[in-house]
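Structure below is structure_16.cif: mmCIF, C-alpha atoms and all ligand atoms.
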```cif
data_work
#
loop_
_atom_site.label_atom_id
_atom_site.label_comp_id
_atom_site.auth_asym_id
_atom_site.auth_seq_id
_atom_site.Cartn_x
_atom_site.Cartn_y
_atom_site.Cartn_z
CA MET A 331 113.27 103.80 84.13
CA PRO A 332 113.82 103.22 80.38
CA SER A 333 110.43 102.22 79.02
CA SER A 334 109.78 98.51 79.13
CA PRO A 335 111.01 96.66 76.02
CA CYS A 336 107.56 95.18 75.45
CA ALA A 337 103.93 95.45 76.49
CA PRO A 338 102.71 92.99 79.15
CA GLU A 339 100.66 91.22 76.47
CA GLU A 340 103.78 90.64 74.36
CA VAL A 341 105.88 88.89 77.00
CA ARG A 342 107.04 85.42 75.93
CA ARG A 343 110.12 84.87 78.13
CA VAL A 344 110.13 84.93 81.93
CA ALA A 345 113.07 84.37 84.28
CA CYS A 346 112.61 82.91 87.76
CA VAL A 347 115.53 83.37 90.16
CA GLY A 348 115.41 81.20 93.27
CA ALA A 349 113.60 77.93 92.57
CA GLY A 350 112.40 76.55 95.89
CA VAL A 351 108.78 76.18 97.01
CA ILE A 352 107.67 79.53 95.59
CA GLY A 353 110.15 80.03 92.74
CA GLY A 354 109.34 76.49 91.57
CA GLY A 355 105.63 77.23 91.87
CA TRP A 356 106.08 80.35 89.75
CA VAL A 357 107.98 78.31 87.16
CA ALA A 358 105.10 75.82 86.98
CA HIS A 359 102.59 78.66 86.64
CA PHE A 360 104.44 80.47 83.85
CA LEU A 361 105.08 77.22 81.95
CA ALA A 362 101.40 76.32 82.18
CA ARG A 363 100.47 79.72 80.82
CA GLY A 364 102.64 79.05 77.76
CA TYR A 365 105.77 81.11 78.51
CA ASP A 366 109.37 80.12 77.89
CA VAL A 367 110.94 80.05 81.35
CA THR A 368 114.56 80.29 82.40
CA ALA A 369 115.44 79.52 86.01
CA TRP A 370 118.53 79.88 88.16
CA ASP A 371 119.15 78.72 91.72
CA PRO A 372 122.58 78.27 93.36
CA ALA A 373 121.72 75.02 95.17
CA PRO A 374 123.55 72.03 93.64
CA ASP A 375 120.39 69.90 93.47
CA ALA A 376 118.13 72.79 92.42
CA GLU A 377 117.41 71.62 88.86
CA GLU A 378 116.40 68.12 89.92
CA LYS A 379 114.13 69.47 92.68
CA LEU A 380 112.61 72.07 90.35
CA ARG A 381 111.80 69.55 87.62
CA ARG A 382 110.28 67.28 90.26
CA LEU A 383 108.10 70.14 91.56
CA VAL A 384 106.93 71.01 88.03
CA ALA A 385 106.14 67.34 87.30
CA ALA A 386 104.14 67.07 90.53
CA ALA A 387 102.18 70.24 89.74
CA TRP A 388 101.51 69.41 86.08
CA PRO A 389 98.47 67.10 86.58
CA ALA A 390 96.71 69.90 88.47
CA LEU A 391 97.66 72.37 85.76
CA GLU A 392 96.37 70.03 83.01
CA GLN A 393 93.17 69.72 84.97
CA ILE A 394 92.55 73.48 85.06
CA GLY A 395 93.62 73.89 81.43
CA LEU A 396 96.96 74.68 79.82
CA ALA A 397 97.65 77.56 77.44
CA ASP A 398 98.33 76.58 73.82
CA GLY A 399 101.83 75.17 73.47
CA ALA A 400 102.46 75.01 77.22
CA SER A 401 105.02 72.40 78.15
CA PRO A 402 107.52 71.59 80.90
CA ASP A 403 110.03 71.26 78.05
CA ARG A 404 110.02 75.03 77.71
CA LEU A 405 111.97 75.31 80.97
CA THR A 406 115.72 75.99 80.75
CA VAL A 407 117.74 75.85 83.95
CA THR A 408 120.85 77.99 83.54
CA ALA A 409 124.27 77.75 85.15
CA THR A 410 124.42 81.45 86.03
CA LEU A 411 122.10 84.23 87.11
CA ALA A 412 123.26 86.35 84.16
CA GLU A 413 122.24 83.69 81.63
CA ALA A 414 118.83 83.28 83.26
CA VAL A 415 117.90 86.94 82.88
CA ALA A 416 119.86 87.88 79.73
CA ASP A 417 116.84 87.57 77.40
CA ALA A 418 114.06 87.85 79.95
CA GLN A 419 111.09 90.15 79.46
CA PHE A 420 110.08 89.80 83.12
CA VAL A 421 112.01 88.59 86.18
CA GLN A 422 110.51 87.00 89.32
CA GLU A 423 112.88 86.75 92.30
CA SER A 424 112.06 84.10 94.95
CA ALA A 425 115.22 83.77 97.04
CA PRO A 426 115.22 83.21 100.83
CA GLU A 427 113.54 85.82 103.01
CA LYS A 428 116.72 87.56 104.25
CA LEU A 429 116.90 91.30 103.81
CA GLU A 430 120.64 91.55 103.06
CA LEU A 431 120.41 88.72 100.53
CA LYS A 432 117.42 90.35 98.79
CA ARG A 433 119.20 93.72 98.65
CA SER A 434 122.30 92.31 97.03
CA LEU A 435 120.43 89.90 94.72
CA LEU A 436 118.06 92.60 93.43
CA ALA A 437 121.11 94.79 92.69
CA GLN A 438 122.70 91.89 90.75
CA LEU A 439 119.48 91.24 88.85
CA ASP A 440 119.18 94.92 88.00
CA ALA A 441 122.74 94.91 86.67
CA ALA A 442 122.18 91.77 84.56
CA ALA A 443 118.62 92.13 83.19
CA PRO A 444 117.93 94.01 79.94
CA PRO A 445 117.16 97.73 80.43
CA GLY A 446 113.57 98.48 81.32
CA VAL A 447 112.59 94.89 82.16
CA VAL A 448 110.52 94.82 85.35
CA ILE A 449 111.92 92.76 88.25
CA ALA A 450 109.50 91.53 90.92
CA SER A 451 110.29 90.09 94.35
CA SER A 452 108.14 87.36 95.93
CA THR A 453 108.97 88.65 99.42
CA SER A 454 106.37 87.81 102.05
CA GLY A 455 106.64 91.12 103.82
CA TYR A 456 109.70 93.31 103.25
CA PRO A 457 108.79 96.71 101.85
CA MET A 458 110.49 97.30 98.48
CA THR A 459 111.88 100.57 99.87
CA ASP A 460 114.05 98.46 102.22
CA MET A 461 115.15 96.03 99.47
CA GLN A 462 115.98 98.41 96.61
CA THR A 463 118.75 100.25 98.47
CA GLU A 464 121.72 98.73 96.58
CA ALA A 465 120.31 98.65 93.05
CA ALA A 466 121.54 101.16 90.46
CA GLY A 467 118.10 101.04 88.81
CA PRO A 468 115.62 100.84 91.72
CA ASP A 469 112.84 102.31 89.58
CA ARG A 470 112.03 98.96 87.96
CA LEU A 471 111.86 96.92 91.18
CA VAL A 472 108.44 95.92 92.51
CA VAL A 473 107.00 93.46 95.00
CA GLY A 474 104.85 90.70 93.45
CA HIS A 475 103.78 88.69 96.49
CA PRO A 476 102.22 85.33 95.59
CA PHE A 477 100.43 82.66 97.63
CA ASN A 478 101.41 79.05 97.86
CA PRO A 479 101.12 77.39 95.40
CA PRO A 480 101.48 80.26 92.90
CA TYR A 481 100.28 77.95 90.11
CA LEU A 482 96.84 77.62 91.74
CA ILE A 483 96.17 80.46 94.17
CA PRO A 484 95.22 83.46 92.02
CA LEU A 485 96.23 86.38 94.26
CA VAL A 486 99.36 88.49 93.75
CA GLU A 487 99.89 91.66 95.78
CA VAL A 488 101.80 94.26 93.78
CA VAL A 489 103.44 97.32 95.33
CA GLY A 490 106.46 99.50 94.62
CA GLY A 491 108.95 101.17 96.93
CA LYS A 492 109.73 104.85 97.36
CA ARG A 493 112.16 104.72 94.42
CA THR A 494 110.00 102.55 92.13
CA ASP A 495 108.57 104.16 89.01
CA ALA A 496 104.77 104.05 89.10
CA ALA A 497 104.92 102.81 85.49
CA ALA A 498 106.75 99.66 86.65
CA VAL A 499 104.02 98.92 89.20
CA GLU A 500 101.35 99.42 86.55
CA TRP A 501 103.24 97.26 84.03
CA ALA A 502 103.72 94.43 86.57
CA SER A 503 100.05 94.47 87.60
CA ARG A 504 98.93 94.23 84.00
CA PHE A 505 101.49 91.52 83.25
CA TYR A 506 100.29 89.35 86.15
CA GLU A 507 96.70 89.78 84.98
CA VAL A 508 97.64 88.69 81.46
CA ALA A 509 99.49 85.75 83.03
CA GLY A 510 96.29 84.65 84.74
CA LYS A 511 96.65 86.09 88.23
CA SER A 512 94.19 88.04 90.35
CA VAL A 513 95.99 91.26 91.28
CA ILE A 514 95.72 93.72 94.13
CA THR A 515 97.81 96.79 93.34
CA MET A 516 98.60 98.62 96.54
CA GLU A 517 98.91 102.40 96.49
CA ARG A 518 101.38 102.44 99.35
CA GLU A 519 103.69 100.13 101.21
CA LEU A 520 102.50 98.22 104.23
CA PRO A 521 104.76 95.66 105.96
CA GLY A 522 103.19 92.25 105.29
CA PHE A 523 101.02 93.80 102.58
CA ILE A 524 97.31 93.07 103.07
CA ALA A 525 96.82 89.31 103.16
CA ASN A 526 99.88 88.41 105.23
CA ARG A 527 99.05 91.11 107.74
CA LEU A 528 95.70 89.40 108.19
CA GLN A 529 97.15 85.87 108.15
CA GLU A 530 99.81 86.76 110.70
CA ALA A 531 97.22 88.03 113.16
CA LEU A 532 95.45 84.67 113.00
CA TRP A 533 98.77 82.82 113.11
CA ARG A 534 99.98 84.62 116.26
CA GLU A 535 96.76 83.69 118.03
CA ALA A 536 97.16 80.06 116.92
CA LEU A 537 100.71 79.95 118.31
CA HIS A 538 99.59 81.51 121.61
CA MET A 539 96.86 78.88 121.98
CA VAL A 540 99.28 76.00 121.36
CA ALA A 541 101.95 77.55 123.60
CA ASN A 542 99.44 77.91 126.43
CA GLY A 543 97.86 74.47 125.94
CA GLU A 544 94.56 76.18 125.14
CA ALA A 545 93.97 74.35 121.84
CA THR A 546 95.63 71.62 119.82
CA VAL A 547 96.95 72.00 116.29
CA LYS A 548 94.04 69.84 115.08
CA GLU A 549 91.43 71.92 116.89
CA ILE A 550 92.90 75.09 115.40
CA ASP A 551 92.91 73.67 111.87
CA ASP A 552 89.40 72.18 112.22
CA SER A 553 88.07 75.46 113.62
CA ILE A 554 88.95 77.11 110.31
CA THR A 555 88.24 74.35 107.77
CA GLU A 556 84.90 73.44 109.40
CA GLY A 557 84.04 77.04 110.18
CA PRO A 558 85.04 80.46 108.83
CA GLY A 559 87.32 79.01 106.13
CA LEU A 560 84.28 77.69 104.25
CA ARG A 561 82.91 81.22 103.96
CA TRP A 562 86.22 82.94 103.25
CA ALA A 563 86.73 81.06 99.96
CA PHE A 564 84.07 83.21 98.36
CA MET A 565 83.14 86.02 100.79
CA GLY A 566 85.69 88.05 102.72
CA PRO A 567 85.63 88.62 106.49
CA CYS A 568 83.96 92.05 106.24
CA LEU A 569 80.96 91.09 104.13
CA THR A 570 80.66 87.82 106.04
CA PHE A 571 80.38 89.73 109.32
CA ALA A 572 77.88 92.16 107.78
CA LEU A 573 75.55 89.17 107.48
CA ALA A 574 76.03 88.55 111.21
CA GLY A 575 73.99 91.73 111.72
CA GLY A 576 70.90 90.26 110.02
CA ASP A 577 68.75 92.81 108.23
CA GLY A 578 70.69 95.54 110.05
CA GLY A 579 73.88 94.47 108.25
CA MET A 580 77.28 95.79 109.35
CA GLY A 581 75.72 98.70 111.29
CA HIS A 582 73.80 96.39 113.61
CA MET A 583 76.68 93.94 113.78
CA LEU A 584 79.00 96.73 115.04
CA ASP A 585 76.44 98.06 117.54
CA HIS A 586 75.76 94.54 118.80
CA PHE A 587 79.24 92.99 118.87
CA GLY A 588 81.50 96.05 118.70
CA PRO A 589 82.08 96.19 122.47
CA SER A 590 83.60 92.69 122.35
CA LEU A 591 86.53 94.20 120.42
CA LYS A 592 87.73 95.40 123.81
CA SER A 593 87.30 92.03 125.50
CA PRO A 594 90.58 90.15 126.02
CA TRP A 595 90.15 87.73 123.12
CA THR A 596 93.33 88.52 121.28
CA ARG A 597 96.98 88.58 122.34
CA LEU A 598 98.59 90.07 119.29
CA GLU A 599 102.12 90.37 120.68
CA ALA A 600 104.06 87.50 119.10
CA PRO A 601 104.66 84.54 121.43
CA GLU A 602 108.21 83.38 122.11
CA LEU A 603 108.97 80.77 119.45
CA ASP A 604 110.95 78.57 121.86
CA ASP A 605 111.84 74.89 121.48
CA THR A 606 108.73 73.75 123.35
CA LEU A 607 106.36 75.69 121.09
CA ARG A 608 108.29 74.63 118.00
CA ALA A 609 108.02 70.96 119.02
CA ALA A 610 104.31 71.29 119.84
CA MET A 611 103.61 72.75 116.38
CA VAL A 612 105.74 70.18 114.55
CA ASP A 613 104.29 67.24 116.51
CA GLY A 614 100.75 68.53 116.07
CA CYS A 615 101.21 68.84 112.30
CA ASP A 616 102.80 65.37 112.09
CA GLU A 617 99.81 63.98 113.96
CA ALA A 618 97.38 65.84 111.69
CA ALA A 619 99.19 64.56 108.57
CA GLY A 620 99.07 60.97 109.87
CA SER A 621 100.58 58.64 107.29
CA ARG A 622 100.34 61.18 104.45
CA THR A 623 103.66 62.35 103.01
CA ILE A 624 104.34 65.98 102.09
CA ALA A 625 103.97 65.00 98.41
CA GLN A 626 100.55 63.46 99.14
CA LEU A 627 99.50 66.54 101.11
CA VAL A 628 100.59 68.79 98.22
CA ALA A 629 98.46 66.74 95.78
CA GLU A 630 95.52 66.83 98.24
CA ARG A 631 95.89 70.60 98.66
CA ASP A 632 96.10 71.17 94.91
CA GLN A 633 92.93 69.14 94.30
CA GLY A 634 91.18 70.96 97.15
CA VAL A 635 92.03 74.38 95.71
CA ILE A 636 90.86 73.31 92.23
CA ASP A 637 87.58 71.99 93.69
CA VAL A 638 87.02 75.27 95.56
CA LEU A 639 87.85 77.34 92.45
CA ARG A 640 85.34 75.24 90.48
CA ALA A 641 82.67 75.31 93.17
CA THR A 642 82.90 79.09 93.42
CA GLY A 643 82.74 79.61 89.64
CA ARG A 644 86.34 80.73 89.22
CA LEU A 645 87.06 77.72 87.01
CA PRO A 646 84.65 76.01 84.60
CA ARG A 647 82.77 73.20 86.31
CA GLN A 648 82.71 70.86 83.33
CA ARG A 649 85.79 69.43 81.73
CA THR A 650 86.00 68.08 78.19
CA GLU A 651 88.43 65.27 77.57
CA GLY A 652 90.53 65.11 74.39
CA THR A 653 91.60 61.88 72.77
CA ASP A 654 94.76 62.09 74.85
CA GLY A 655 92.62 62.00 77.99
CA ILE A 656 93.80 65.45 79.03
CA ALA A 657 91.33 68.14 80.07
CA HIS A 658 91.31 70.89 77.45
CA THR A 659 88.83 73.26 79.02
CA PRO A 660 90.65 76.61 79.13
CA SER A 661 91.32 78.00 82.54
CA THR A 662 89.72 81.32 83.44
CA MET A 663 93.09 81.98 85.09
CA GLY A 664 95.10 83.19 82.10
CA ASP A 665 92.58 83.45 79.30
CA GLU A 666 93.79 86.92 78.44
CA LYS A 667 97.20 85.95 77.02
N1 LIG B 1 106.85 79.52 101.22
C1 LIG B 1 105.78 80.29 101.10
O1 LIG B 1 104.65 79.89 101.44
C2 LIG B 1 105.89 81.66 100.52
C3 LIG B 1 107.12 82.30 100.35
N2 LIG B 1 107.17 83.54 99.78
C4 LIG B 1 108.44 84.21 99.56
O2 LIG B 1 109.12 83.57 98.48
C5 LIG B 1 110.53 83.66 98.67
C6 LIG B 1 111.12 82.28 98.61
O3 LIG B 1 110.59 81.51 99.67
P1 LIG B 1 110.50 79.92 99.57
O4 LIG B 1 110.33 79.51 98.16
O5 LIG B 1 109.52 79.51 100.58
O6 LIG B 1 111.95 79.50 100.05
P2 LIG B 1 112.75 78.15 99.73
O7 LIG B 1 113.75 77.98 100.80
O8 LIG B 1 111.83 77.04 99.42
O9 LIG B 1 113.50 78.51 98.37
C7 LIG B 1 114.48 79.50 98.28
C8 LIG B 1 115.42 79.12 97.14
O10 LIG B 1 116.33 80.18 96.93
C9 LIG B 1 117.59 79.61 96.64
N3 LIG B 1 118.62 80.59 96.91
C10 LIG B 1 119.47 80.69 97.97
N4 LIG B 1 120.28 81.75 97.81
C11 LIG B 1 119.96 82.33 96.63
C12 LIG B 1 120.45 83.45 95.90
N5 LIG B 1 121.45 84.20 96.35
N6 LIG B 1 119.88 83.73 94.72
C13 LIG B 1 118.86 83.00 94.23
N7 LIG B 1 118.35 81.93 94.87
C14 LIG B 1 118.89 81.60 96.06
C15 LIG B 1 117.67 78.36 97.50
O11 LIG B 1 118.62 77.44 96.96
C16 LIG B 1 116.24 77.86 97.43
O12 LIG B 1 116.06 76.93 96.37
C17 LIG B 1 110.73 84.39 100.00
O13 LIG B 1 110.93 85.74 99.76
C18 LIG B 1 109.42 84.14 100.72
O14 LIG B 1 109.11 85.13 101.67
C19 LIG B 1 106.03 84.18 99.32
C20 LIG B 1 104.81 83.59 99.46
C21 LIG B 1 104.63 82.31 100.10
C1 LIG B 2 104.16 81.61 105.39
N1 LIG B 2 104.22 82.80 104.52
C2 LIG B 2 104.22 84.00 105.36
C3 LIG B 2 105.49 82.73 103.78
C4 LIG B 2 103.03 82.72 103.66
C5 LIG B 2 102.89 83.75 102.58
O1 LIG B 2 103.67 84.68 102.39
C6 LIG B 2 101.71 83.67 101.68
C7 LIG B 2 100.96 82.37 101.66
O2 LIG B 2 101.22 81.53 100.81
O3 LIG B 2 100.09 82.21 102.52
#
```

Output the structure of this file as structure tokens.
Ligand SMILES: NC(=O)C1=CN([C@@H]2O[C@H](COP(=O)(O)OP(=O)(O)OC[C@H]3O[C@@H](n4cnc5c(N)ncnc54)[C@H](O)[C@@H]3O)[C@@H](O)[C@H]2O)C=CC1
Ligand SMILES: C[N+](C)(C)CC(=O)CC(=O)[O-]
Amino acid sequence: MPSSPCAPEEVRRVACVGAGVIGGGWVAHFLARGYDVTAWDPAPDAEEKLRRLVAAAWPALEQIGLADGASPDRLTVTATLAEAVADAQFVQESAPEKLELKRSLLAQLDAAAPPGVVIASSTSGYPMTDMQTEAAGPDRLVVGHPFNPPYLIPLVEVVGGKRTDAAAVEWASRFYEVAGKSVITMERELPGFIANRLQEALWREALHMVANGEATVKEIDDSITEGPGLRWAFMGPCLTFALAGGDGGMGHMLDHFGPSLKSPWTRLEAPELDDTLRAAMVDGCDEAAGSRTIAQLVAERDQGVIDVLRATGRLPRQRTEGTDGIAHTPSTMGDEK
């Protein structure tokens, strides 16, 4: 890989390709952190939807603190992919999760982006080794897996493929840190990375319970938000379970509860996602949402995440208000830039 044209700290221009839920969330994040952002998406209504997403996210971003000079006006939506990446110092790809599409798009991005610029894919689970097969310059392609919404959830999982240069992985990890993210850099590829592998295990069990009429969507959601979810916001499942062993910690916990690993609690083969299960999940979520629209749920989620980040000390608790009424307390997410 030709060495990157600039250090992660010097990046000013970011391109986001694919501007749906996640690409749009990335755009909002990079704008809030003070970057100039170019975006491209082939959908005819993409620009309107993207600007709407950024506008909806902006109050949350003001609340956690914008970087100096940050503005939605620094977004340019381009007519072509080539224009979007022509001047970019970093590229984030967030196109649909289809392997053939990712392969061909990453090859196009590699052909169009300036030499040495790192290109990251938001993929939820494809190993980069499987996606970099058609690119002439696979060495600069990395996975940068975010969490929804990328403008509020800190984590990004970074990992390269077999043909990725280790320097590109290192550069991307540092860049995300400078851009305010919390980074896990993985030494080797793992389908689903770390967090989605864990989430999918829980998700399969949830689908089995609904499919078998063993629990409702509401019971499943309440069981997490009223239970383990409260602990997981600040203490992971391993340390949390160590406390289940009392003074004996994880050792006693394993001796005491280890045998239950073999009891038939889990059914980790995926259930058949047939029409009945699909309808049960959709109806259950509609019931749980009640009269709240998706836009209202997004605002509720954003406020919830901010409150949790504040309560757990990852954002300042106090806000100061400027004469414009906007919170100016700097975010701890992105102070480094
Ligand atoms: N939705 C989620 O919660 C998360 C999704 N991801 C990953 O982010 C990526 C995008 O997913 P979403 O934003 O959910 O999908 P989405 O369907 O909301 O957005 C995808 C966008 O890509 C555009 N697109 C279609 N063909 C394209 C092409 N050839 N080049 C560029 N853009 C194209 C579509 O017009 C659409 O706007 C996927 O790889 C997904 O696995 C990662 C983390 C979370
Ligand atoms: C549903 N999903 C697998 C696309 C979710 C993710 O990849 C991460 C997230 O936001 O939880």

What lies within 7 Å of Asp366 in chain A using only C-alpha atoms, ignoring chain neighbours under 5 positions off, as a list in words?
Arg342, Arg343, Val344, Leu361, Arg404 and Leu405 of chain A

Return as a PDB file with C-alpha atoms, in the coordinates of the input every polymer residue, whether protein, DNA or RNA, with at least one atom no more than 9 Å from an atom of ligand LIG 2 (chain B); count all atoms listed in the file.
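Listed below is the output, part.pdb:
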```pdb
ATOM      1  CA  ILE A 352     107.670  79.530  95.590  1.00  0.00           C
ATOM      2  CA  GLU A 427     113.540  85.820 103.010  1.00  0.00           C
ATOM      3  CA  SER A 452     108.140  87.360  95.930  1.00  0.00           C
ATOM      4  CA  THR A 453     108.970  88.650  99.420  1.00  0.00           C
ATOM      5  CA  SER A 454     106.370  87.810 102.050  1.00  0.00           C
ATOM      6  CA  GLY A 455     106.640  91.120 103.820  1.00  0.00           C
ATOM      7  CA  HIS A 475     103.780  88.690  96.490  1.00  0.00           C
ATOM      8  CA  PRO A 476     102.220  85.330  95.590  1.00  0.00           C
ATOM      9  CA  PHE A 477     100.430  82.660  97.630  1.00  0.00           C
ATOM     10  CA  ASN A 478     101.410  79.050  97.860  1.00  0.00           C
ATOM     11  CA  PRO A 479     101.120  77.390  95.400  1.00  0.00           C
ATOM     12  CA  PRO A 480     101.480  80.260  92.900  1.00  0.00           C
ATOM     13  CA  ILE A 483      96.170  80.460  94.170  1.00  0.00           C
ATOM     14  CA  GLY A 522     103.190  92.250 105.290  1.00  0.00           C
ATOM     15  CA  ALA A 525      96.820  89.310 103.160  1.00  0.00           C
ATOM     16  CA  ASN A 526      99.880  88.410 105.230  1.00  0.00           C
ATOM     17  CA  GLN A 529      97.150  85.870 108.150  1.00  0.00           C
ATOM     18  CA  GLU A 530      99.810  86.760 110.700  1.00  0.00           C
TER      19      GLU A 530
END
```

Can you pull out the residues contacting Thr406 in chain A? Cut-off 8 Å, using all atoms listed in the file, and skip same-chain residues under 4 positions away; I want them as a PyMOL selection string.
chain A and resi 367-369

Determine the nearest neighbour of ligand LIG 1 (chain B) from the options A:Ser553, A:Thr546, A:Ser434, A:Gln393, counting all atoms listed in the file.
A:Ser434

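From CA of Ile554 in chain A back to CA of Asp613 in chain A, the distance works out to 19.3 Å.
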
One decimal, in Å: what's the spacing between CA of Leu435 in chain A and atom C13 of ligand LIG 1 (chain B)?
7.1 Å

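With CA of Val351 in chain A on one side and atom N1 of ligand LIG 1 (chain B) on the other, the separation reads 5.7 Å.
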
Between A:Ala416, A:Ala400, A:Leu485, A:Ala385, which is the closest to ligand LIG 1 (chain B) once you count only C-alpha atoms and all ligand atoms?
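The shortest atom-to-atom distance to ligand LIG 1 (chain B) comes from A:Leu485.
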
For Lys492 in chain A, work out the shell of residues within 10 Å, counting only C-alpha atoms and skipping chain neighbours fewer than 6 positions away, then give it as a VMD selection string.
chain A and resid 457 to 460 462 468 to 469 518 to 519

Preceding selection exported with C-alpha atoms as a short mmCIF file (atom, residue, chain, number, x, y, z; two decimals), keeping the file's coordinate frame:
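The resulting selection-v5.cif:
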```cif
data_model
loop_
_atom_site.label_atom_id
_atom_site.label_comp_id
_atom_site.auth_asym_id
_atom_site.auth_seq_id
_atom_site.Cartn_x
_atom_site.Cartn_y
_atom_site.Cartn_z
CA PRO A 457 108.79 96.71 101.85
CA MET A 458 110.49 97.30 98.48
CA THR A 459 111.88 100.57 99.87
CA ASP A 460 114.05 98.46 102.22
CA GLN A 462 115.98 98.41 96.61
CA PRO A 468 115.62 100.84 91.72
CA ASP A 469 112.84 102.31 89.58
CA ARG A 518 101.38 102.44 99.35
CA GLU A 519 103.69 100.13 101.21
#
```

Tell me which protein, DNA and RNA residues are within 12 Å of range 569-576 of chain A, counting only C-alpha atoms, leaving out same-chain ones fewer than 5 positions away, and put them as a PDB file with C-alpha atoms, in the frame of the given file.
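This is the output file part-v3.pdb:
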```
ATOM      1  CA  PRO A 558      85.040  80.460 108.830  1.00  0.00           C
ATOM      2  CA  GLY A 559      87.320  79.010 106.130  1.00  0.00           C
ATOM      3  CA  LEU A 560      84.280  77.690 104.250  1.00  0.00           C
ATOM      4  CA  ARG A 561      82.910  81.220 103.960  1.00  0.00           C
ATOM      5  CA  TRP A 562      86.220  82.940 103.250  1.00  0.00           C
ATOM      6  CA  ALA A 563      86.730  81.060  99.960  1.00  0.00           C
ATOM      7  CA  PHE A 564      84.070  83.210  98.360  1.00  0.00           C
ATOM      8  CA  GLY A 581      75.720  98.700 111.290  1.00  0.00           C
ATOM      9  CA  HIS A 582      73.800  96.390 113.610  1.00  0.00           C
ATOM     10  CA  MET A 583      76.680  93.940 113.780  1.00  0.00           C
ATOM     11  CA  LEU A 584      79.000  96.730 115.040  1.00  0.00           C
ATOM     12  CA  ASP A 585      76.440  98.060 117.540  1.00  0.00           C
ATOM     13  CA  HIS A 586      75.760  94.540 118.800  1.00  0.00           C
ATOM     14  CA  PHE A 587      79.240  92.990 118.870  1.00  0.00           C
ATOM     15  CA  GLY A 588      81.500  96.050 118.700  1.00  0.00           C
TER      16      GLY A 588
END
```

When distances are computed from all atoms listed in the file, which of A:Thr408, A:Val513, A:Gly348, A:Val447 shows the smallest separation from Pro335 in chain A?
A:Val447

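Within 8 Å of Ile514 in chain A, once all atoms listed in the file are used and residues closer than 2 positions along the same chain are dropped, the contacting residues are Leu485, Val486, Glu487, Val488, Ser503, Ser512 and Met516 of chain A.
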
Would you kindly identify which residues have an atom no farther than 12 Å from (109.4, 82.2, 83.2), using all atoms listed in the file and the file's own coordinates, and write them out as a VMD selection string?
chain A and resid 341 to 349 353 to 370 400 to 402 404 to 407 414 to 415 417 to 423 449 506 509

Counting only C-alpha atoms, which residues sit no farther than 10 Å from the position (89.4, 74.1, 89.1) in the file's frame? I'd like them as a compact mmCIF listing (two decimals) with C-alpha atoms, keeping the file's coordinate frame.
```txt
# COMPACT_ATOMS: atom_id res chain seq x y z
CA ALA A 390 96.71 69.90 88.47
CA LEU A 391 97.66 72.37 85.76
CA GLN A 393 93.17 69.72 84.97
CA ILE A 394 92.55 73.48 85.06
CA GLY A 395 93.62 73.89 81.43
CA LEU A 482 96.84 77.62 91.74
CA ASP A 632 96.10 71.17 94.91
CA GLN A 633 92.93 69.14 94.30
CA GLY A 634 91.18 70.96 97.15
CA VAL A 635 92.03 74.38 95.71
CA ILE A 636 90.86 73.31 92.23
CA ASP A 637 87.58 71.99 93.69
CA VAL A 638 87.02 75.27 95.56
CA LEU A 639 87.85 77.34 92.45
CA ARG A 640 85.34 75.24 90.48
CA ALA A 641 82.67 75.31 93.17
CA THR A 642 82.90 79.09 93.42
CA GLY A 643 82.74 79.61 89.64
CA ARG A 644 86.34 80.73 89.22
CA LEU A 645 87.06 77.72 87.01
CA PRO A 646 84.65 76.01 84.60
CA ARG A 647 82.77 73.20 86.31
CA GLN A 648 82.71 70.86 83.33
CA ARG A 649 85.79 69.43 81.73
CA SER A 661 91.32 78.00 82.54
CA THR A 662 89.72 81.32 83.44
CA MET A 663 93.09 81.98 85.09
```

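Closest approach to ligand LIG 1 (chain B) among A:Ala397, A:Thr410, A:Ala425, A:Pro338: A:Ala425, based on all atoms listed in the file.
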